[in-house]
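Structure first, then comments.
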Amino acid sequence: MTAPPAPDRDTESGPFWQGLAQHRLLLQECPACRRRRFPRMPTCPYCGTDGGEEVEPPGTGTVYSWVRVERALTPAAADQVPYCVATVDLDGGGRIHGRLEPPAAARIGMAVTPVYVDHDDWTELRFAGPEGGG
Amino acid sequence: MRAAVAGVGYTAFSRDSGRSVLSLATEACRRAVDDAGLDVAAVDGIASFRVMDDSVPAQAVATTLALPGLRFSVDADMGGQAPCYLVWLAAMAVETGRARNVLVYRALNGRSGARVGTMRFGGMGAQFRYPIGYDAYMMYVAMWAQRFVYETGQGEEDLAAVAVAQRAYAVDNDRAVRRRPLTLQDYLAAPHVVHPFRADDCTVEVDGACAVLVTSLEQARDLRHPPAVVASGAYRAGPRPGLDIGDHALWDDYTRNYTSHLRDDLFGAAGLTPGDVQVAQIYDCFTSTVLIGLEGLGLCERGGSGAFVRSGATTLAGRLPTNTHGGLLSEGYLHGMNTVGEAVLQVQGRGGSRQAARHEVAAVTSGALMDGSALILTADR
């Protein structure tokens, strides 16, 4: 089993990864326009206001789109196919990508719940559809 | 002063060139200058682009071509968004008198060397994609394609139509790497690679190079072939284009790419409308970007691109011959430089057996997702 590469964290992203390690999803919310954003960045990409307030949404959301890898494109994925990556619109705002399980269940508009998967030195946010059970 | 493209140069496209990228770049550039009928010593500008250092810089080609000097030099750290943009920059340099004759090239050993299909795109957003297996450019375009066909009420037969129509052109194109005829049944019989894409939805990586020569319209009129006038160019990134080439978490609408954003600039600057376009060369690293591009530029109605292609509108006998070289899907993945090259050949009337009957106005695009560029090339009229 080839382990997925651990994320190359940086100064901006640190709190996000630390949150996941505690099975918490942390997003930034603009203090002016109140829009939530992902990835983390120093200003609001909607209105340009500096800074962001930490919010912790439940991690539930709706599938905006998805892809299912049926033939591995990289050696790291060779023993993982088929797998699905979804683009999820989080309840309360913000859009994020994550593995969706089970891969065969993927549908646009499907409601999903968060699943935290602990790897050796990082924690991954996945999503489960209704059949996945979470 | 107006600018025009006067020459096009290609190397052969192959799976293993056995040559250096510098050798490929030099050959394509020399051929473009020779094609125009210009003395290579008259070249005073070079522009190129590269992804993750897969090419050689303009200064190296200025050296191998033994140029007396450069007045204009660009090495863009960009992918397929670049070709139309660089031709447009070169045209502006010529139009403003900053340079006289500018080569724009793309050269790479894209098959035997670093392959974009499995290349790791660094950047600040990479940490969120690679660990979860969201790790290939094909997946990003597929993510947009899935939403696009869903939201516009289209499906796999619409994607298939693009692959089938373009392969028919490639059968007659000696330069194309994929020339075996393709039917809808062949397409549907193949398994998905990344749903909704099958192998025939994807470009074919190659080793090779392509170059064009941009000069003044005045000078182009005295050269070997009819000028392809640069009537307008445009580059656009929409709002929140992301942290790097693969980051689209902040992009709102996966059914519309940069073509929707640059359409008014592009046609406005040329004094033309989408209805005036007679030949289209739409960037096609994957089939879906042709559909999104046709709709984005207003060349067909929203949600109608698949039906447009299935109707035969993009064939030589149709209303808008499109990707007449077979596209990146079949000719080969020169990251859209060959898409520009084909547009020039069509406007010049040099398309041979795949020449469009009406070829006075061509639209060309470069890019697939958040940002990209486009040109309107016209006959000298």
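Labeling convention for the structure tokens: chains A, B, ... as they appear, residues from 1 per chain, ligands from 1 in order of appearance.
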
Enumerate as a list in words the residues belonging to chain A that approach chain B to within 6 Å, with only C-alpha atoms taken into account.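 Going by the stated atoms only, the list reads Pro4, Pro5, Ala6, Pro7, Asp8, Ser65, Trp66, Val67, Arg68, Val69, Glu70, Arg71, Arg95 and Ile96 of chain A.
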
How about saving the chosen residues, C-alpha atoms kept, as a compact mmCIF listing (two decimals), in the first residue's frame?
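Below is the file selection-v6.txt, written as the result:
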```txt
# COMPACT_ATOMS: atom_id res chain seq x y z
CA PRO A 4 -0.81 9.22 -0.01
CA PRO A 5 1.66 12.10 0.23
CA ALA A 6 1.24 14.15 3.39
CA PRO A 7 0.29 17.79 2.80
CA ASP A 8 3.03 20.42 2.49
CA SER A 65 -19.61 17.97 -8.97
CA TRP A 66 -17.56 14.79 -8.83
CA VAL A 67 -15.12 12.61 -10.74
CA ARG A 68 -14.40 8.94 -10.37
CA VAL A 69 -10.91 7.65 -11.08
CA GLU A 70 -11.27 4.22 -12.63
CA ARG A 71 -7.74 3.88 -13.96
CA ARG A 95 -16.45 24.98 -1.31
CA ILE A 96 -13.93 22.16 -0.77
```

Show me, as a ChimeraX atom specification, the residues that have an atom within 7 Å of Gly367 in chain B when counting only C-alpha atoms, minus same-chain residues fewer than 6 positions from it. /B:80-81,283,373

Any chance you could export the current selection's C-alpha atoms as a CSV table (one decimal), in the first residue's frame?
```csv
chain,number,residue,atom,x,y,z
B,80,GLY,CA,-2.2,26.2,-22.5
B,81,GLN,CA,-3.5,29.6,-21.5
B,283,TYR,CA,-8.5,24.6,-27.2
B,373,SER,CA,-6.7,33.9,-24.0
```

Find the residues around Ala32 in chain B up to 9 Å (only C-alpha atoms counted), leave out those fewer than 6 positions away in its own chain, and share them as a list in words.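 Result of the neighbour search: Ala6, Gly7, Val8, Gly9, Tyr10, Leu103, Cys210, Ala211, Val212 and Leu213 of chain B.
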
Dump as a CSV table (one decimal), in the first residue's frame, selection limited to N, CA and C atoms:
```
chain,number,residue,atom,x,y,z
B,6,ALA,N,2.8,35.7,-40.3
B,6,ALA,CA,3.2,35.5,-41.7
B,6,ALA,C,3.8,34.1,-42.0
B,7,GLY,N,4.1,33.3,-40.9
B,7,GLY,CA,4.6,32.0,-41.1
B,7,GLY,C,4.4,31.1,-40.0
B,8,VAL,N,4.4,29.8,-40.3
B,8,VAL,CA,4.1,28.7,-39.3
B,8,VAL,C,5.2,27.7,-39.5
B,9,GLY,N,5.7,27.1,-38.4
B,9,GLY,CA,6.7,26.1,-38.5
B,9,GLY,C,6.4,25.0,-37.5
B,10,TYR,N,6.6,23.7,-37.9
B,10,TYR,CA,6.4,22.6,-37.1
B,10,TYR,C,7.6,21.6,-37.2
B,103,LEU,N,9.1,35.7,-33.0
B,103,LEU,CA,8.7,34.3,-33.0
B,103,LEU,C,8.0,33.9,-31.7
B,210,CYS,N,6.2,23.8,-32.2
B,210,CYS,CA,5.5,24.6,-33.2
B,210,CYS,C,5.8,26.0,-33.0
B,211,ALA,N,5.9,26.8,-34.0
B,211,ALA,CA,6.2,28.2,-33.9
B,211,ALA,C,5.5,29.0,-35.0
B,212,VAL,N,5.2,30.3,-34.6
B,212,VAL,CA,4.6,31.2,-35.6
B,212,VAL,C,5.4,32.5,-35.6
B,213,LEU,N,5.4,33.2,-36.8
B,213,LEU,CA,6.2,34.4,-36.9
B,213,LEU,C,5.2,35.6,-37.0
```

Can you tell me which residues surround Arg24 in chain A at a distance of at most 9 Å, considering only C-alpha atoms, apart from same-chain residues fewer than 3 positions away, and format the answer as a VMD selection string? chain A and resid 16 18 to 21 56 to 59 116

Produce a file of the selected residues containing C-alpha atoms, as a compact mmCIF listing (two decimals), in the first residue's frame.
```
# COMPACT_ATOMS: atom_id res chain seq x y z
CA PHE A 16 -6.77 24.07 8.83
CA GLN A 18 -4.40 21.34 12.97
CA GLY A 19 -8.20 21.50 13.03
CA LEU A 20 -8.56 18.33 10.98
CA ALA A 21 -6.17 16.54 13.33
CA GLU A 56 -16.41 25.74 12.59
CA PRO A 57 -19.21 24.54 10.31
CA PRO A 58 -20.60 21.03 10.76
CA GLY A 59 -18.93 19.85 7.53
CA TYR A 116 -12.31 12.23 9.36
```

Which residues, written as a PyMOL selection string, have at least one atom at most 12 Å from range 347-353 of chain B, with only C-alpha atoms counted and residues fewer than 5 positions away on the same chain left out? chain B and resi 4-8+35-36+168-174+220-221+224-230+277-281+316+321+323-325+340-342+358-364+376-381

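Coordinates place CA of Gln154 in chain B at a distance of 16.6 Å from CA of Gly109 in chain A.
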
Determine which residues of range 131-362 of chain B DSSP labels as alpha helix (DSSP H) from the backbone of this structure, then write them out as a VMD selection string. chain B and resid 137 to 151 156 to 170 184 to 189 217 to 220 258 to 270 287 to 296 305 to 310 327 to 330 337 to 348

Selection: 8 Å around Ala105 in chain A, only C-alpha atoms, excl. self and same-chain fewer than 2 positions, as a ChimeraX atom specification: /A:101-103,107,129,131

Residues flagged strand (DSSP E or B) by DSSP in range 35-110 of chain A, as a PyMOL selection string: chain A and resi 36-37+43+50+53-55+61-69+83-90+95-101

Determine, counting only C-alpha atoms, which protein, DNA and RNA residues have an atom within 9 Å of an atom of Asp75 in chain B; residues of the same chain fewer than 5 positions away are not included. Present the result as a PyMOL selection string. chain B and resi 46-50+56-58

Best match for closeness to Ser216 in chain B among B:Leu328, B:Val40, B:Ala99, B:Ala28, counting only C-alpha atoms: B:Ala99

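In terms of minimum interatomic distance to Val344 in chain B, B:Leu375 ranks closest within B:Cys285, B:Met370, B:Leu375, B:Ala82, counting only C-alpha atoms.
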
Rounded to one decimal, what separation in Å do you get between CA of Val94 in chain B and CA of Val51 in chain B?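 Interatomic distance, CA of Val94 in chain B to CA of Val51 in chain B: 26.2 Å.
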